[in-house]
Amino acid sequence: MISIQNLSVEFSAKSLFDNINYVINKRDRIALVGKNGAGKSTMLKIIAGLQRPTSGTVAVPADTTIGYLPQQMKLEDTVTVAEEVRKAFSHIDEMRRRLDGMTAQLAERTDYESPEYHRLIDDMTQLSERLAMEQSENCEAEMEKTLLGLGFLRSDFSRLTAEFSGGWRMRLELAKLLLRKPDVLLLDEPTNHLDIESIQWLEQFLATKANAVVLVSHDRAFIDNVTNRTIEISCGKIYDYSVNYSKFVELRRERVEQQMRAYQNQQKEIADTEAFIERFRYKATKAVQVQSRMKQLAKIERIEVDEVDTSRLNLKFPPAPRSGDYPVIADEVGKAYGDHQVFDHATFTIKRGEKVAFVGKNGEGKSTLVKCIMGEIPYTGTLKIGHNVKIGYFAQNQAQLMDESLTVFDTIDRVAVGDIRTKIRDILGAFMFGGEASDKKVKVLSGGEKTRLAMIRLLLEPVNLLILDEPTNHLDMKTKDILKQAIKDFNGTVIVVSHDREFLDGLVEKVYEFGGGKVRECLGGIYEFLEKKKLASLNELERKQPDLRQQGAAPAAKTPAKAAANPGKEAVAADNESAASAGGQKPRLSYAEQREREKMARRARKKVEEAEAEIAKIEAEIAEIESRIASGDTSDPEIYNLHQKRTRDLETAMSLWELACQEQERFN
């Protein structure tokens, strides 16, 4: 589909990519991985056509569409959520305009036998077919389904985009992108601002509905569930594996071991050759051998060892000073913005040494409660910080708060005090900012490098309560693993706000769920919490399902059974009813108009029948799953996930059936 040929990119005389070649095929699910600064985002921009390479080409077929989601984007602030997302269908309006233009051109031309006339007819036919295919799906239903899947409420559809935070605005851009259904999706850190439920929805969408996908993400569980191919960028080269990320890690370890052995053997060979040359350089009897060895040395293609294996982040939090037994005690804590109550009656206690997670949908108050603990905003209730508690706080936007005109060294030098100032170079080196990297301007750093730089501030002063708000955004896999281990080894108390399941797994022993204006305590790790949540969701669905199905039937529409009773009779009556109105007779339809009306009526009838068949199929599957659960057959751990998914599918099918019935009634 897309061919990358001999691609090279240089920045300031430094090679980022060197003669790279690979192909993106249909249905490929590619994870683009590599250390921070390796060029992952640059690669996506080049494929999207937003940046030109130094040399080489990106060959994209003329009919291939590309959708690109950057880490940062801009939206209009004067339109509603629904209006912004409807822009995803602007290509349909453009196709209509083109078809109208072709129709007008065809009416004016008289060169019926010319090749240009026949070419115009062919173009019109192709465009008409493509437009019919695009219009076959209900755009409003698709838009609603996508927005709900990404965590929006129906009440949000009429709100202005200016009212939403950066994370929610990113979701709007993602919704537009998914609705356009491009042939190739390029996603740069799509999970950074999504909650766990929305990430799971996006996983399902990409796995089942997307075409080719190339994504950059540091959420290991996400890319494992979505991708089937991994391309690593390292030392300006790429290594292409037809496996997901977990299997890639194993294969990569084997490759690096082989690479290291080859490197060591080559270094020994070079050292032996150089020693021979040095020993016999000035002996006339060995001149021929020396010249031969010198030529041999010059021809050796030097083996490079991956940068990620020669530079390692050395992260260790200073020992925590002893604090009181209970660093945080919350009693009936609440926070409201005007009439909007974010949460209320939050009551919990965090013990010294505990590592806990705050999870929940965006906007439910996780970061807000952190700000309450930090004393940054007022709140109701009682919030007590324990004796001798010293807080180290990493804010979600910490990396954006730095002065981009400063160098890496100056950024730390301005906040360091006392003896620590003499060790700045050592600290920067431990965070992979050694040598010339410490003189880089902050504005040229990648997202992960900025996060690493912001993390250094936490090391400048010993603390005993670490509060980390989305600390893994933009961090590469290796750095995340090192940060996770450092938090595990930290002997103080930790609160982590994160949506990264892999990062939280094995790190926290308690989860606080934010949702519905409440804060609920759940003992156990993140996967135990998710398993309990599935059970709770299933029970909720079982209680509400009869009501949902009743609500699914529109008052004005027939039920599926009644609509199917006698479709032929209704079709016969359609034209008779359409001929009459309250005030008398409508103008008689022409033969062509009658044929077109019959055709549309048949199409509407077919849609209703297909929707009814789909509803019956899904209901049968749900009944079978519920029968298995009731009999105690839960050997398949995914059975609750499957029940939840098929119930959602049923709601969607009911909505589509309602729309089909409404369309059919236009001809009754």
# chains A, B, ... in the order shown; residues from 1 in each chain; ligands from 1
>>> select_by_dssp(residues="stretch 1-174 of chain A", states="alpha helix (DSSP H)", output="PyMOL selection string")
chain A and resi 40-47+81-86+90-108+115-135+139-149+166-174
>>> closest_residue(among="A:Leu50, A:Asp505, A:Leu215, A:His340", to="A:Leu530", atoms="only C-alpha atoms")
A:Asp505
>>> residues_around(residues="A:Arg279", least_positions_apart="6", cutoff="10 Å", atoms="only C-alpha atoms", output="PyMOL selection string")
chain A and resi 273+286+290
>>> write_last_selection(atoms="N, CA, C and O atoms", output="tab-separated table (two decimals), in the first residue's frame")
chain	number	residue	atom	x	y	z
A	273	THR	N	44.65	-6.76	14.37
A	273	THR	CA	45.17	-6.21	13.11
A	273	THR	C	45.99	-4.95	13.36
A	273	THR	O	47.08	-4.76	12.79
A	286	LYS	N	58.30	-7.02	6.05
A	286	LYS	CA	56.87	-7.22	6.33
A	286	LYS	C	55.99	-6.16	5.66
A	286	LYS	O	54.80	-6.06	5.94
A	290	VAL	N	51.95	-5.72	5.93
A	290	VAL	CA	51.41	-4.55	6.62
A	290	VAL	C	50.43	-3.80	5.73
A	290	VAL	O	49.33	-3.41	6.17
>>> residues_around(residues="A:Ser41", least_positions_apart="5", cutoff="10 Å", atoms="only C-alpha atoms", output="MDAnalysis selection string")
chainID A and resid 32 36 46 70:71 186:189 215:216 446:447
>>> closest_residue(among="A:Leu148, A:Leu445, A:Leu178, A:Leu428", to="A:Asn211", atoms="only C-alpha atoms")
A:Leu178
>>> closest_residue(among="A:Ile350, A:Val389, A:Val497, A:Leu315", to="A:Met432", atoms="only C-alpha atoms")
A:Leu315
>>> select_by_dssp(residues="stretch 375-453 of chain A", states="strand (DSSP E or B)", output="PyMOL selection string")
chain A and resi 380-385+391-394+407+441
>>> closest_residue(among="A:Arg29, A:Arg52, A:Arg229, A:Lys145", to="A:Trp201", atoms="only C-alpha atoms")
A:Lys145
>>> closest_residue(among="A:Tyr68, A:Phe431, A:Phe248, A:Phe11", to="A:Gly448", atoms="only C-alpha atoms")
A:Phe431
>>> residues_around(residues="stretch 258-260 of chain A", least_positions_apart="3", cutoff="8 Å", atoms="only C-alpha atoms", output="ChimeraX atom specification")
/A:254-255,263-264,303,305
>>> write_last_selection(atoms="N, CA, C and O atoms", output="short mmCIF file (atom, residue, chain, number, x, y, z; two decimals), in the first residue's frame")
data_model
loop_
_atom_site.label_atom_id
_atom_site.label_comp_id
_atom_site.auth_asym_id
_atom_site.auth_seq_id
_atom_site.Cartn_x
_atom_site.Cartn_y
_atom_site.Cartn_z
N GLU A 254 17.51 -11.68 21.72
CA GLU A 254 18.38 -12.61 21.00
C GLU A 254 19.21 -11.87 19.96
O GLU A 254 20.41 -12.14 19.81
N ARG A 255 18.58 -10.91 19.25
CA ARG A 255 19.32 -10.16 18.24
C ARG A 255 20.45 -9.34 18.86
O ARG A 255 21.56 -9.30 18.34
N TYR A 263 30.02 -7.81 17.68
CA TYR A 263 30.77 -6.58 17.96
C TYR A 263 32.08 -6.88 18.70
O TYR A 263 33.14 -6.37 18.36
N GLN A 264 31.98 -7.75 19.72
CA GLN A 264 33.17 -8.10 20.50
C GLN A 264 34.20 -8.84 19.64
O GLN A 264 35.41 -8.57 19.74
N ILE A 303 30.56 -2.64 13.15
CA ILE A 303 29.27 -3.02 13.75
C ILE A 303 28.93 -2.01 14.84
O ILE A 303 29.75 -1.71 15.70
N VAL A 305 26.53 -1.01 18.07
CA VAL A 305 25.66 -1.58 19.10
C VAL A 305 24.54 -0.58 19.35
O VAL A 305 24.78 0.64 19.40
#
>>> closest_residue(among="A:Lys295, A:His643, A:Arg252, A:Arg628", to="A:Gly34", atoms="only C-alpha atoms")
A:Arg252
>>> residues_around(residues="A:Ile4", least_positions_apart="2", cutoff="10 Å", atoms="only C-alpha atoms", output="ChimeraX atom specification")
/A:2,6-7,19-24,46-47,56-60
>>> atom_distance(atom1="atom CA of A:Lys384", atom2="atom CA of A:Pro327")
8.0 Å
>>> residues_around(residues="A:Val508", least_positions_apart="4", cutoff="10 Å", atoms="only C-alpha atoms", output="ChimeraX atom specification")
/A:354-357,487-488,494-496,503-504,523-526
>>> write_last_selection(atoms="N, CA, C and O atoms", output="PDB file, in the first residue's frame")
ATOM      1  N   GLU A 354       2.316   2.710  51.713  1.00  0.00           N
ATOM      2  CA  GLU A 354       1.384   2.159  50.720  1.00  0.00           C
ATOM      3  C   GLU A 354       1.620   2.782  49.348  1.00  0.00           C
ATOM      4  O   GLU A 354       2.000   3.949  49.233  1.00  0.00           O
ATOM      5  N   LYS A 355       1.364   1.985  48.335  1.00  0.00           N
ATOM      6  CA  LYS A 355       1.414   2.474  46.957  1.00  0.00           C
ATOM      7  C   LYS A 355       0.024   2.254  46.359  1.00  0.00           C
ATOM      8  O   LYS A 355      -0.429   1.109  46.225  1.00  0.00           O
ATOM      9  N   VAL A 356      -0.654   3.350  46.042  1.00  0.00           N
ATOM     10  CA  VAL A 356      -2.043   3.283  45.599  1.00  0.00           C
ATOM     11  C   VAL A 356      -2.202   3.959  44.244  1.00  0.00           C
ATOM     12  O   VAL A 356      -1.369   4.782  43.841  1.00  0.00           O
ATOM     13  N   ALA A 357      -3.277   3.590  43.531  1.00  0.00           N
ATOM     14  CA  ALA A 357      -3.574   4.173  42.219  1.00  0.00           C
ATOM     15  C   ALA A 357      -4.906   4.896  42.260  1.00  0.00           C
ATOM     16  O   ALA A 357      -5.860   4.416  42.887  1.00  0.00           O
ATOM     17  N   ILE A 487      10.019   3.180  41.660  1.00  0.00           N
ATOM     18  CA  ILE A 487       8.885   3.412  42.564  1.00  0.00           C
ATOM     19  C   ILE A 487       8.699   2.209  43.491  1.00  0.00           C
ATOM     20  O   ILE A 487       8.416   2.359  44.681  1.00  0.00           O
ATOM     21  N   LYS A 488       8.869   0.992  42.938  1.00  0.00           N
ATOM     22  CA  LYS A 488       8.772  -0.209  43.766  1.00  0.00           C
ATOM     23  C   LYS A 488       9.792  -0.177  44.908  1.00  0.00           C
ATOM     24  O   LYS A 488       9.502  -0.560  46.041  1.00  0.00           O
ATOM     25  N   VAL A 494       3.263   6.305  47.973  1.00  0.00           N
ATOM     26  CA  VAL A 494       3.123   6.715  46.565  1.00  0.00           C
ATOM     27  C   VAL A 494       1.645   6.745  46.165  1.00  0.00           C
ATOM     28  O   VAL A 494       0.894   5.805  46.456  1.00  0.00           O
ATOM     29  N   ILE A 495       1.251   7.835  45.517  1.00  0.00           N
ATOM     30  CA  ILE A 495      -0.065   7.932  44.856  1.00  0.00           C
ATOM     31  C   ILE A 495       0.206   8.107  43.364  1.00  0.00           C
ATOM     32  O   ILE A 495       0.889   9.056  42.958  1.00  0.00           O
ATOM     33  N   VAL A 496      -0.316   7.186  42.544  1.00  0.00           N
ATOM     34  CA  VAL A 496      -0.103   7.253  41.094  1.00  0.00           C
ATOM     35  C   VAL A 496      -1.446   7.444  40.400  1.00  0.00           C
ATOM     36  O   VAL A 496      -2.363   6.644  40.588  1.00  0.00           O
ATOM     37  N   PHE A 503       1.798  -0.597  33.542  1.00  0.00           N
ATOM     38  CA  PHE A 503       2.632   0.122  34.508  1.00  0.00           C
ATOM     39  C   PHE A 503       2.130  -0.102  35.940  1.00  0.00           C
ATOM     40  O   PHE A 503       2.923  -0.300  36.873  1.00  0.00           O
ATOM     41  N   LEU A 504       0.812  -0.080  36.122  1.00  0.00           N
ATOM     42  CA  LEU A 504       0.241  -0.230  37.465  1.00  0.00           C
ATOM     43  C   LEU A 504       0.285  -1.675  37.960  1.00  0.00           C
ATOM     44  O   LEU A 504       0.281  -1.915  39.168  1.00  0.00           O
ATOM     45  N   LEU A 523      -9.465  -3.009  47.199  1.00  0.00           N
ATOM     46  CA  LEU A 523      -8.227  -3.664  47.600  1.00  0.00           C
ATOM     47  C   LEU A 523      -7.741  -4.569  46.478  1.00  0.00           C
ATOM     48  O   LEU A 523      -8.530  -5.199  45.780  1.00  0.00           O
ATOM     49  N   GLY A 524      -6.420  -4.658  46.316  1.00  0.00           N
ATOM     50  CA  GLY A 524      -5.846  -5.499  45.272  1.00  0.00           C
ATOM     51  C   GLY A 524      -5.245  -4.662  44.158  1.00  0.00           C
ATOM     52  O   GLY A 524      -5.363  -3.434  44.121  1.00  0.00           O
ATOM     53  N   GLY A 525      -4.581  -5.329  43.222  1.00  0.00           N
ATOM     54  CA  GLY A 525      -3.920  -4.655  42.116  1.00  0.00           C
ATOM     55  C   GLY A 525      -4.880  -4.228  41.028  1.00  0.00           C
ATOM     56  O   GLY A 525      -6.099  -4.399  41.134  1.00  0.00           O
ATOM     57  N   ILE A 526      -4.330  -3.694  39.939  1.00  0.00           N
ATOM     58  CA  ILE A 526      -5.153  -3.111  38.874  1.00  0.00           C
ATOM     59  C   ILE A 526      -5.967  -4.172  38.141  1.00  0.00           C
ATOM     60  O   ILE A 526      -7.136  -3.956  37.808  1.00  0.00           O
TER      61      ILE A 526
END
